[in-house]
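Listing of entry_0.cif, mmCIF, C-alpha atoms and all ligand atoms
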```cif
data_start
loop_
_atom_site.label_atom_id
_atom_site.label_comp_id
_atom_site.auth_asym_id
_atom_site.auth_seq_id
_atom_site.Cartn_x
_atom_site.Cartn_y
_atom_site.Cartn_z
CA MET A 1 41.47 -21.40 -9.57
CA SER A 2 45.18 -21.39 -10.44
CA GLY A 3 47.68 -22.06 -7.69
CA THR A 4 49.05 -18.52 -7.72
CA SER A 5 47.70 -15.69 -5.68
CA ARG A 6 46.56 -13.91 -8.83
CA ILE A 7 42.88 -14.34 -9.52
CA THR A 8 41.75 -15.09 -13.00
CA ARG A 9 39.68 -12.66 -14.98
CA ARG A 10 36.78 -15.09 -14.89
CA ASP A 11 36.87 -15.32 -11.10
CA PHE A 12 37.20 -11.58 -10.80
CA ILE A 13 34.08 -11.10 -12.94
CA LYS A 14 32.25 -13.73 -10.93
CA VAL A 15 33.12 -12.11 -7.60
CA THR A 16 32.33 -8.58 -8.71
CA THR A 17 29.06 -9.64 -10.32
CA GLY A 18 28.14 -11.46 -7.12
CA ALA A 19 29.09 -8.49 -4.95
CA VAL A 20 27.31 -5.92 -7.07
CA GLY A 21 24.29 -8.20 -7.45
CA GLY A 22 24.22 -8.76 -3.72
CA ALA A 23 24.45 -5.03 -3.02
CA ILE A 24 21.61 -4.30 -5.41
CA THR A 25 19.49 -7.08 -3.94
CA ALA A 26 20.08 -5.69 -0.45
CA ALA A 27 19.43 -2.11 -1.58
CA LEU A 28 16.10 -3.15 -3.02
CA GLY A 29 15.22 -5.97 -0.66
CA ILE A 30 15.74 -4.28 2.69
CA PRO A 31 13.47 -1.32 1.93
CA ALA A 32 10.89 -3.63 0.37
CA VAL A 33 10.74 -5.99 3.34
CA GLY A 34 11.02 -3.18 5.90
CA TYR A 35 8.14 -1.37 4.25
CA LEU A 36 5.90 -4.44 4.33
CA ILE A 37 6.54 -5.58 7.89
CA ASP A 38 6.75 -2.11 9.47
CA PRO A 39 3.41 -2.25 11.37
CA ALA A 40 4.45 -5.51 13.01
CA LEU A 41 7.52 -3.81 14.43
CA GLN A 42 5.67 -0.95 16.11
CA GLU A 43 5.29 -1.23 19.87
CA ASN A 44 1.76 -1.72 21.05
CA LYS A 45 0.69 1.61 22.49
CA ALA A 46 -2.36 0.34 24.37
CA GLY A 47 -1.87 -0.34 28.02
CA LYS A 48 -0.72 3.07 29.24
CA PRO A 49 -2.19 3.55 32.74
CA VAL A 50 -5.41 5.55 33.00
CA SER A 51 -6.58 7.31 36.12
CA ILE A 52 -10.17 6.54 37.11
CA GLY A 53 -10.77 8.47 40.32
CA LYS A 54 -9.86 9.09 43.96
CA ILE A 55 -10.15 6.39 46.56
CA ALA A 56 -11.74 8.90 48.99
CA ASP A 57 -14.74 9.35 46.67
CA ILE A 58 -15.56 5.65 46.57
CA PRO A 59 -17.94 4.34 49.24
CA VAL A 60 -16.93 1.12 50.94
CA GLY A 61 -18.99 -1.92 49.99
CA THR A 62 -20.89 -0.58 47.00
CA PRO A 63 -19.63 -1.15 43.44
CA THR A 64 -19.11 2.32 41.94
CA PRO A 65 -19.13 2.69 38.16
CA PHE A 66 -16.39 4.41 36.18
CA SER A 67 -15.68 4.70 32.49
CA PHE A 68 -12.92 5.97 30.24
CA THR A 69 -12.03 5.95 26.57
CA VAL A 70 -8.79 4.83 25.06
CA THR A 71 -7.84 6.16 21.65
CA LYS A 72 -5.81 3.74 19.67
CA VAL A 73 -3.98 4.94 16.58
CA ASN A 74 -3.71 2.31 13.88
CA GLY A 75 -1.87 3.83 10.96
CA TRP A 76 -3.98 6.70 9.70
CA GLU A 77 -7.01 5.77 11.74
CA ARG A 78 -7.91 6.48 15.36
CA THR A 79 -10.40 4.33 17.13
CA ALA A 80 -11.78 5.44 20.45
CA SER A 81 -13.04 2.51 22.46
CA SER A 82 -14.82 3.08 25.70
CA PHE A 83 -14.23 0.82 28.63
CA GLY A 84 -16.25 0.73 31.76
CA GLY A 85 -16.30 -1.05 35.04
CA PHE A 86 -16.88 -0.90 38.75
CA ILE A 87 -14.62 -0.11 41.65
CA LEU A 88 -15.41 -2.12 44.74
CA ARG A 89 -13.81 -1.27 48.06
CA LYS A 90 -14.06 -4.42 50.08
CA SER A 91 -12.99 -2.71 53.33
CA GLU A 92 -11.70 0.57 54.76
CA ASP A 93 -8.19 -0.44 53.71
CA PRO A 94 -7.49 1.68 50.61
CA LYS A 95 -5.55 -1.21 49.09
CA ASP A 96 -8.35 -3.73 49.51
CA ILE A 97 -10.20 -3.14 46.24
CA VAL A 98 -11.23 -4.95 43.09
CA ILE A 99 -11.79 -3.27 39.78
CA LEU A 100 -14.23 -5.23 37.67
CA SER A 101 -14.94 -4.85 34.00
CA SER A 102 -18.57 -4.27 33.09
CA ARG A 103 -18.27 -6.41 29.98
CA CYS A 104 -20.42 -9.50 30.34
CA THR A 105 -18.37 -12.63 29.74
CA HIS A 106 -21.22 -14.16 27.77
CA LEU A 107 -21.54 -11.96 24.67
CA SER A 108 -20.10 -8.65 25.81
CA CYS A 109 -23.17 -6.65 26.81
CA ARG A 110 -22.68 -4.15 29.67
CA VAL A 111 -23.74 -5.32 33.08
CA ASN A 112 -25.27 -2.92 35.65
CA TRP A 113 -25.11 -2.99 39.40
CA SER A 114 -28.49 -3.50 41.04
CA GLU A 115 -28.79 -2.38 44.66
CA GLU A 116 -32.03 -4.29 44.95
CA ALA A 117 -30.63 -7.63 43.75
CA GLN A 118 -27.20 -6.91 45.27
CA ALA A 119 -25.81 -8.32 42.01
CA PHE A 120 -24.61 -7.29 38.57
CA LEU A 121 -27.38 -7.94 36.06
CA CYS A 122 -26.87 -8.35 32.36
CA PRO A 123 -29.71 -6.94 30.25
CA CYS A 124 -29.10 -9.26 27.34
CA HIS A 125 -29.62 -12.81 28.59
CA ASP A 126 -30.40 -12.28 32.24
CA ALA A 127 -27.04 -13.20 33.65
CA LYS A 128 -26.33 -12.44 37.29
CA PHE A 129 -22.91 -11.87 38.81
CA SER A 130 -22.00 -11.45 42.47
CA LYS A 131 -20.49 -8.26 43.92
CA THR A 132 -17.02 -9.62 43.29
CA GLY A 133 -17.83 -10.86 39.79
CA GLU A 134 -18.60 -14.56 40.20
CA VAL A 135 -21.33 -16.01 38.00
CA LEU A 136 -24.52 -16.58 40.00
CA ASP A 137 -26.92 -17.32 37.21
CA GLY A 138 -27.27 -17.36 33.44
CA PRO A 139 -25.13 -18.33 30.46
CA PRO A 140 -21.76 -16.59 31.12
CA PRO A 141 -18.92 -19.13 31.14
CA GLU A 142 -16.63 -17.26 33.54
CA PRO A 143 -16.52 -14.45 36.12
CA LEU A 144 -16.31 -10.78 35.13
CA GLY A 145 -12.87 -9.65 34.07
CA HIS A 146 -10.83 -7.23 36.12
CA PHE A 147 -8.22 -4.53 35.65
CA GLU A 148 -4.82 -4.32 37.26
CA TYR A 149 -4.61 -1.19 39.37
CA GLU A 150 -2.44 0.95 41.57
CA VAL A 151 -3.46 3.36 44.32
CA ALA A 152 -1.06 6.29 44.66
CA GLU A 153 -0.13 8.06 47.90
CA ASN A 154 -2.64 10.83 47.23
CA GLY A 155 -5.40 8.28 46.66
CA THR A 156 -5.57 8.39 42.86
CA ILE A 157 -6.51 5.04 41.36
CA THR A 158 -4.87 4.20 38.05
CA ILE A 159 -5.51 1.08 36.02
CA ILE A 160 -3.92 -0.65 33.06
CA PRO A 161 -6.69 -0.51 30.43
CA VAL A 162 -6.38 -4.14 29.43
CA GLU A 163 -9.06 -6.45 30.71
CA MET A 164 -7.68 -9.46 32.58
CA LYS A 165 -9.44 -12.76 33.02
CA SER A 166 -10.48 -13.50 36.56
CA LYS A 167 -9.79 -16.94 37.92
CA GLU A 168 -12.79 -19.14 38.52
CA GLY A 169 -14.06 -19.07 42.11
CA MET B 170 24.13 -31.06 -12.61
CA TRP B 171 23.18 -27.50 -13.47
CA GLN B 172 23.93 -28.19 -17.15
CA LYS B 173 21.70 -31.21 -17.11
CA THR B 174 18.86 -29.23 -15.55
CA TYR B 175 19.36 -26.47 -18.06
CA ALA B 176 19.38 -28.93 -20.99
CA TRP B 177 16.18 -30.51 -19.67
CA LEU B 178 14.45 -27.15 -19.35
CA ASP B 179 15.82 -25.83 -22.63
CA GLU B 180 14.51 -28.85 -24.52
CA ARG B 181 11.01 -28.17 -23.25
CA LEU B 182 10.95 -24.38 -23.01
CA GLY B 183 13.24 -23.48 -25.88
CA LEU B 184 15.21 -21.11 -23.69
CA GLY B 185 18.06 -20.90 -26.18
CA ASP B 186 15.73 -19.88 -29.01
CA LEU B 187 14.04 -17.42 -26.73
CA TYR B 188 17.37 -15.87 -25.88
CA LYS B 189 18.43 -15.71 -29.52
CA ASN B 190 15.19 -14.10 -30.66
CA LEU B 191 14.57 -11.74 -27.78
CA LEU B 192 17.94 -10.57 -26.58
CA ASP B 193 20.48 -11.55 -29.22
CA ARG B 194 18.62 -10.05 -32.15
CA PRO B 195 20.50 -7.86 -34.59
CA GLU B 196 20.46 -4.16 -33.76
CA PRO B 197 21.37 -1.26 -35.97
CA HIS B 198 24.54 0.59 -35.09
CA GLY B 199 24.31 1.84 -31.53
CA ASN B 200 22.51 5.06 -30.85
CA TRP B 201 21.49 6.30 -27.44
CA TRP B 202 18.16 7.55 -28.67
CA ASN B 203 17.24 3.94 -29.45
CA THR B 204 17.35 3.08 -25.75
CA LEU B 205 14.38 5.26 -24.86
CA GLY B 206 11.81 2.55 -25.58
CA SER B 207 13.59 0.22 -23.16
CA ALA B 208 13.83 3.09 -20.70
CA SER B 209 10.04 3.53 -20.96
CA LEU B 210 9.57 -0.16 -20.32
CA PHE B 211 11.88 -0.03 -17.32
CA LEU B 212 9.99 2.92 -15.88
CA PHE B 213 6.70 1.13 -16.43
CA ILE B 214 7.98 -1.87 -14.46
CA ILE B 215 9.21 0.44 -11.67
CA GLN B 216 5.77 2.04 -11.51
CA VAL B 217 4.04 -1.33 -11.34
CA VAL B 218 6.25 -2.54 -8.50
CA THR B 219 6.24 0.65 -6.41
CA GLY B 220 2.52 1.10 -7.13
CA ILE B 221 1.69 -2.34 -5.79
CA PHE B 222 3.69 -1.51 -2.68
CA LEU B 223 1.81 1.74 -2.18
CA THR B 224 -1.53 -0.07 -2.17
CA VAL B 225 -0.42 -1.86 1.00
CA TYR B 226 -1.16 1.36 2.93
CA TYR B 227 -2.97 3.77 0.64
CA THR B 228 -6.74 4.04 1.16
CA PRO B 229 -8.90 5.49 -1.63
CA SER B 230 -11.50 7.13 0.55
CA PRO B 231 -11.95 10.88 1.05
CA ASP B 232 -11.58 10.64 4.83
CA HIS B 233 -8.46 8.54 4.76
CA ALA B 234 -6.61 9.08 1.46
CA TYR B 235 -4.63 12.08 2.66
CA ASP B 236 -3.90 10.64 6.09
CA SER B 237 -2.86 7.31 4.68
CA ILE B 238 -0.32 9.06 2.47
CA GLN B 239 0.96 11.12 5.40
CA TYR B 240 1.35 7.83 7.20
CA ILE B 241 3.33 6.33 4.32
CA MET B 242 5.58 9.39 4.18
CA ASN B 243 6.21 9.85 7.90
CA GLU B 244 5.68 6.56 9.68
CA VAL B 245 6.26 3.53 7.49
CA ALA B 246 9.85 2.41 7.08
CA PHE B 247 11.06 3.45 3.61
CA GLY B 248 7.60 4.75 2.75
CA TRP B 249 9.10 8.05 1.62
CA LEU B 250 11.41 6.12 -0.69
CA ILE B 251 8.71 4.01 -2.32
CA ARG B 252 6.37 6.95 -2.78
CA GLY B 253 9.21 9.18 -3.92
CA ILE B 254 10.21 6.74 -6.62
CA HIS B 255 6.61 6.32 -7.77
CA HIS B 256 6.12 10.08 -7.81
CA TRP B 257 9.25 11.02 -9.73
CA ALA B 258 9.28 8.05 -12.09
CA ALA B 259 5.70 8.94 -13.07
CA SER B 260 6.72 12.33 -14.40
CA LEU B 261 9.87 10.88 -15.91
CA MET B 262 7.88 8.18 -17.68
CA VAL B 263 5.63 10.69 -19.45
CA LEU B 264 8.72 12.61 -20.52
CA VAL B 265 10.68 9.55 -21.68
CA VAL B 266 7.75 8.06 -23.58
CA PHE B 267 7.22 11.39 -25.29
CA VAL B 268 10.88 11.80 -26.27
CA HIS B 269 10.85 8.17 -27.47
CA MET B 270 7.99 9.10 -29.76
CA LEU B 271 9.87 12.16 -31.00
CA ARG B 272 12.88 10.05 -31.89
CA VAL B 273 10.67 7.56 -33.76
CA PHE B 274 9.20 10.48 -35.64
CA TYR B 275 12.57 12.08 -36.26
CA THR B 276 14.09 8.90 -37.68
CA ALA B 277 10.88 8.25 -39.66
CA SER B 278 10.68 4.76 -38.10
CA TYR B 279 6.90 4.84 -38.22
CA LYS B 280 6.92 4.06 -41.95
CA TYR B 281 6.16 0.69 -43.55
CA PRO B 282 6.19 -1.93 -42.07
CA ARG B 283 6.00 -0.24 -38.63
CA GLU B 284 2.76 1.71 -38.90
CA LEU B 285 1.08 -0.50 -36.34
CA THR B 286 3.98 -0.16 -33.94
CA TRP B 287 3.40 3.58 -34.20
CA LEU B 288 -0.35 3.32 -33.70
CA VAL B 289 0.04 1.05 -30.69
CA GLY B 290 2.64 3.56 -29.47
CA ILE B 291 0.04 6.33 -29.59
CA GLY B 292 -2.17 4.17 -27.41
CA LEU B 293 0.76 3.76 -25.02
CA LEU B 294 1.31 7.52 -24.85
CA LEU B 295 -2.36 8.18 -24.15
CA LEU B 296 -2.48 5.48 -21.49
CA THR B 297 0.68 6.83 -19.88
CA ILE B 298 -0.89 10.28 -19.69
CA GLY B 299 -4.07 8.68 -18.35
CA MET B 300 -2.02 7.06 -15.59
CA GLY B 301 -0.62 10.45 -14.68
CA PHE B 302 -4.06 12.05 -14.68
CA THR B 303 -5.74 9.39 -12.54
CA GLY B 304 -2.76 9.03 -10.21
CA TYR B 305 -2.60 12.74 -9.54
CA LEU B 306 -5.98 12.78 -7.79
CA LEU B 307 -5.16 9.99 -5.36
CA PRO B 308 -3.43 12.03 -2.61
CA TRP B 309 -6.70 13.98 -2.32
CA HIS B 310 -5.02 17.20 -1.28
CA GLN B 311 -6.01 20.67 -2.53
CA MET B 312 -3.78 20.56 -5.59
CA ALA B 313 -5.03 17.13 -6.60
CA TYR B 314 -8.64 18.09 -6.03
CA TRP B 315 -8.50 21.26 -8.09
CA ALA B 316 -6.33 19.80 -10.82
CA THR B 317 -8.92 17.07 -11.32
CA THR B 318 -11.77 19.57 -11.13
CA VAL B 319 -10.14 21.51 -13.94
CA GLY B 320 -9.08 18.43 -15.90
CA THR B 321 -12.55 16.90 -15.90
CA GLN B 322 -14.01 20.31 -16.67
CA ILE B 323 -11.84 20.48 -19.79
CA ALA B 324 -13.01 17.02 -20.82
CA GLY B 325 -16.53 18.35 -20.24
CA SER B 326 -16.08 21.08 -22.82
CA VAL B 327 -16.33 18.55 -25.68
CA PRO B 328 -19.31 19.58 -27.86
CA PHE B 329 -22.58 17.68 -27.29
CA ALA B 330 -21.16 14.73 -25.29
CA GLY B 331 -19.24 16.97 -22.88
CA GLU B 332 -21.68 16.90 -20.01
CA PHE B 333 -21.92 13.13 -20.24
CA ILE B 334 -18.13 12.67 -20.34
CA LEU B 335 -17.73 14.93 -17.33
CA GLN B 336 -20.27 12.97 -15.32
CA ALA B 337 -18.81 9.63 -16.40
CA LEU B 338 -15.32 10.71 -15.34
CA ARG B 339 -16.47 12.14 -12.02
CA GLY B 340 -19.09 9.50 -11.32
CA GLY B 341 -21.66 12.29 -10.92
CA PRO B 342 -21.82 16.05 -11.33
CA ASP B 343 -19.24 16.79 -8.62
CA LEU B 344 -15.93 15.46 -7.42
CA SER B 345 -16.76 13.01 -4.66
CA ALA B 346 -15.89 9.71 -3.07
CA LEU B 347 -17.11 8.13 -6.30
CA THR B 348 -14.56 10.10 -8.32
CA LEU B 349 -11.70 9.07 -6.06
CA GLN B 350 -12.74 5.43 -6.14
CA ARG B 351 -13.10 5.21 -9.91
CA PHE B 352 -9.84 7.05 -10.50
CA PHE B 353 -8.20 4.58 -8.16
CA SER B 354 -9.71 1.64 -10.01
CA ALA B 355 -8.61 3.06 -13.36
CA HIS B 356 -5.16 3.85 -12.00
CA ILE B 357 -4.37 0.47 -10.52
CA TRP B 358 -6.41 -1.96 -12.63
CA MET B 359 -7.84 -0.79 -15.90
CA LEU B 360 -5.14 1.43 -17.34
CA PRO B 361 -2.20 -0.76 -16.27
CA ALA B 362 -3.91 -3.84 -17.72
CA LEU B 363 -4.41 -2.09 -21.05
CA LEU B 364 -0.91 -0.67 -20.88
CA ALA B 365 0.62 -4.10 -20.28
CA LEU B 366 -1.39 -5.54 -23.15
CA LEU B 367 -0.30 -2.83 -25.57
CA VAL B 368 3.32 -3.04 -24.39
CA GLY B 369 3.15 -6.73 -25.28
CA VAL B 370 1.86 -5.99 -28.77
CA HIS B 371 4.40 -3.17 -29.19
CA LEU B 372 7.30 -5.44 -28.22
CA TYR B 373 6.03 -8.27 -30.39
CA LEU B 374 5.99 -5.94 -33.39
CA ILE B 375 9.45 -4.62 -32.62
CA ILE B 376 10.88 -8.12 -32.42
CA LYS B 377 9.03 -9.17 -35.55
CA HIS B 378 10.23 -6.27 -37.67
CA GLY B 379 13.57 -5.69 -36.03
CA GLU B 380 14.78 -2.24 -35.19
CA SER B 381 14.82 0.24 -38.06
CA HIS B 382 18.29 1.51 -38.78
CA PHE B 383 19.18 5.11 -38.55
CA PRO B 384 18.53 6.94 -41.82
CA ASP B 385 21.78 8.02 -43.45
CA LYS B 386 22.51 10.56 -46.12
CA GLU B 387 21.23 8.29 -48.90
CA ASP B 388 17.76 7.91 -47.34
C1 LIG C 1 4.62 2.97 -22.42
C2 LIG C 1 5.20 3.52 -23.43
C3 LIG C 1 6.16 2.85 -24.42
C4 LIG C 1 7.00 1.78 -24.22
C5 LIG C 1 7.18 0.94 -22.94
C6 LIG C 1 7.68 1.56 -25.49
C7 LIG C 1 8.65 0.58 -25.70
C8 LIG C 1 9.40 0.46 -26.87
C9 LIG C 1 10.60 -0.30 -26.99
C10 LIG C 1 11.27 -1.16 -25.88
C11 LIG C 1 11.07 -0.13 -28.29
C12 LIG C 1 12.38 -0.67 -28.94
C13 LIG C 1 13.57 0.22 -28.56
C14 LIG C 1 13.47 1.62 -29.15
O1 LIG C 1 13.30 1.75 -30.36
O2 LIG C 1 13.59 2.57 -28.37
C15 LIG C 1 10.09 0.69 -28.98
C16 LIG C 1 10.14 1.05 -30.33
C17 LIG C 1 9.14 1.77 -31.02
N1 LIG C 1 8.16 2.55 -30.39
FE1 LIG C 1 7.71 2.52 -28.45
N2 LIG C 1 7.23 2.46 -26.41
C18 LIG C 1 6.31 3.27 -25.81
C19 LIG C 1 5.63 4.35 -26.40
C20 LIG C 1 5.64 4.65 -27.79
C21 LIG C 1 4.95 5.77 -28.39
C22 LIG C 1 4.16 6.84 -27.62
C23 LIG C 1 5.18 5.69 -29.77
C24 LIG C 1 4.66 6.57 -30.87
C25 LIG C 1 3.44 7.02 -30.96
C26 LIG C 1 5.99 4.52 -29.99
C27 LIG C 1 6.40 4.05 -31.21
C28 LIG C 1 7.43 3.15 -31.41
C29 LIG C 1 7.90 2.71 -32.73
C30 LIG C 1 7.34 3.07 -34.11
C31 LIG C 1 9.01 1.85 -32.45
C32 LIG C 1 9.89 1.12 -33.49
C33 LIG C 1 11.14 1.95 -33.64
C34 LIG C 1 12.13 1.32 -34.56
O3 LIG C 1 11.91 0.17 -34.99
O4 LIG C 1 13.12 2.01 -34.83
N3 LIG C 1 6.27 3.93 -28.77
N4 LIG C 1 9.10 1.06 -28.08
S1 LIG C 2 -24.37 -11.04 27.02
FE1 LIG C 2 -24.69 -10.99 29.15
S2 LIG C 2 -25.97 -12.68 29.42
FE2 LIG C 2 -25.59 -12.79 27.28
#
```
Encoding of this model in structure tokens:
Amino acid sequence: MSGTSRITRRDFIKVTTGAVGGAITAALGIPAVGYLIDPALQENKAGKPVSIGKIADIPVGTPTPFSFTVTKVNGWERTASSFGGFILRKSEDPKDIVILSSRCTHLSCRVNWSEEAQAFLCPCHDAKFSKTGEVLDGPPPEPLGHFEYEVAENGTITIIPVEMKSKEG
Amino acid sequence: MWQKTYAWLDERLGLGDLYKNLLDRPEPHGNWWNTLGSASLFLFIIQVVTGIFLTVYYTPSPDHAYDSIQYIMNEVAFGWLIRGIHHWAASLMVLVVFVHMLRVFYTASYKYPRELTWLVGIGLLLLTIGMGFTGYLLPWHQMAYWATTVGTQIAGSVPFAGEFILQALRGGPDLSALTLQRFFSAHIWMLPALLALLVGVHLYLIIKHGESHFPDKED
């Protein structure tokens, strides 16, 4: 701390100890923290589009079932989850479709389309959903979920395999 | 401010005395061979720290052990570093502990009043080897599997009790999920706990008796 530009031995020791200590802390700390938080930094690989069929094969007006599996890799483990749903062409217009999830919004059983009832029926607690997914009867709190989709020039339908909530009504 | 805090703490914790007794104790004239005990202790601490980190991802199950280690090596940031240190320091620790024992033998430091330090030291050597043996199985690759098959087989050749020892080590007649799980338990809980306990006793004895000085021509 003297007024000259020369630093004292004590200050020199202090600065070098601090610098070396800091370097060691960083050399140990960065790998340690990086190692622990690594999974949080990985991008979420779910959500790559999946193709579920050709628009030409889907009859207009009748919900047509489809299913696909998505394999998710979590570290050293792969989990294949199967998703399923229904494609409904509301009119001849190839863009006028809805893609509903078959997962019941009550407790996640799989609903089935019934031609007879003209409704989706849930086998678990007798829920009933309309052709476009609205709740008609039973305990479910909200309409069936849907998937975001795209119809390519050649008629291939691809969806983003993440179930979206449908707005009420 | 800092001095006041220190004085307050020192009065209650006896930090000054601690320092004097633990770190400022008299040492015989410097000799590099006398640093091997501290080197063993340092390696033990390294193993504890890196080992705890490895358990964040390692899975002791036959279907996932190998994959989880591949994941640590190839995917996790710095995983190769942490596992590499644990791997190499493990071998080094066995070596250093062993050479430490040789030096204690060579300088005849095991004599009165340090017989117990020596005996506890033998426990430390055996536990260190046990850590190596149990740790070696954990990757669950071919080498690990067969090394443990052979190792437990050797333990099984003990007269009379052999068959029982073999089954107790393997958790059954064959190497299985049970073997992997009990080796894991021994490797991360039982042996380190015993090792830490014995290190404590060892260090207590060393501080109590002080370091033996190097024998000279008169001894
Ligand atoms: C995990 C393993 C071990 C650790 C962490 C350890 C640690 C230490 C340390 C820090 C010292 C004092 C410094 C030195 O003399 O090098 C020491 C001394 C000693 N160790 Fe060990 N040791 C271990 C294994 C052993 C083994 C295997 C033996 C013998 C069977 C042994 C016998 C002794 C003896 C008799 C002394 C006193 C030496 C003297 O006073 O000159 N130790 N140990
Ligand atoms: S799960 Fe569908 S009605 Fe309960």
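Nearest residue to ligand LIG 2 (chain C) among A:Trp76, A:Trp113, A:Phe129, A:Phe86 is A:Phe129, counting all atoms listed in the file.
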With all atoms listed in the file counted, collect every polymer residue having an atom within 12 Å of ligand LIG 2 (chain C); state the result as a PyMOL selection string. chain A and resi 102-112+120-129+135-144
Go ahead and fit an axis-aligned box to every listed atom of stretch 298-314 of chain B plus 4 Å each side, and pass me the centre and edge lengths in Å, one decimal, as JSON.
```
{"center_x": -4.6, "center_y": 13.9, "center_z": -10.5, "size_x": 16.0, "size_y": 21.6, "size_z": 26.4}
```
Pick from A:Arg78, A:Lys165, A:Arg9, A:Lys54 nearest to chain B, counting all atoms listed in the file: A:Arg78
All residues having an atom within 8 Å of ligand LIG 1 (chain C) (all atoms listed in the file) as an MDAnalysis selection string: chainID B and resid 202:213 262 266:267 269:271 273:274 276 278:280 283:297 364 368 371:372 375 378:383
Enumerate as an MDAnalysis selection string the residues belonging to chain A that approach chain B to within 10 Å, with all atoms listed in the file taken into account. chainID A and resid 30:39 41:42 75:77
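Proximity ranking of B:Ala313, B:Val319, B:Ile214, B:Leu264 relative to B:Ala365 places B:Ile214 first, based on all atoms listed in the file.
Nearest to B:His310 of all the residues B:Glu196, B:Trp358, B:Thr174, B:Leu349 is B:Leu349, based on only C-alpha atoms.
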Atomic distance atom CA of B:Trp257 - atom CA of B:Ser345, expressed in Å with one decimal: 26.6 Å
Can I get C-alpha atoms for stretch 56-67 of chain A, as a PDB file, in the first residue's frame?
```pdb
ATOM      1  CA  ALA A  56     -56.463 -39.203 -49.540  1.00  0.00           C
ATOM      2  CA  ASP A  57     -56.892 -42.300 -47.345  1.00  0.00           C
ATOM      3  CA  ILE A  58     -59.055 -40.526 -44.790  1.00  0.00           C
ATOM      4  CA  PRO A  59     -62.822 -40.546 -45.401  1.00  0.00           C
ATOM      5  CA  VAL A  60     -64.602 -37.240 -44.929  1.00  0.00           C
ATOM      6  CA  GLY A  61     -66.791 -37.017 -41.841  1.00  0.00           C
ATOM      7  CA  THR A  62     -65.686 -40.127 -39.967  1.00  0.00           C
ATOM      8  CA  PRO A  63     -63.001 -39.952 -37.259  1.00  0.00           C
ATOM      9  CA  THR A  64     -60.203 -42.275 -38.407  1.00  0.00           C
ATOM     10  CA  PRO A  65     -57.813 -43.670 -35.799  1.00  0.00           C
ATOM     11  CA  PHE A  66     -54.033 -43.450 -36.047  1.00  0.00           C
ATOM     12  CA  SER A  67     -51.250 -44.252 -33.636  1.00  0.00           C
TER      13      SER A  67
END
```
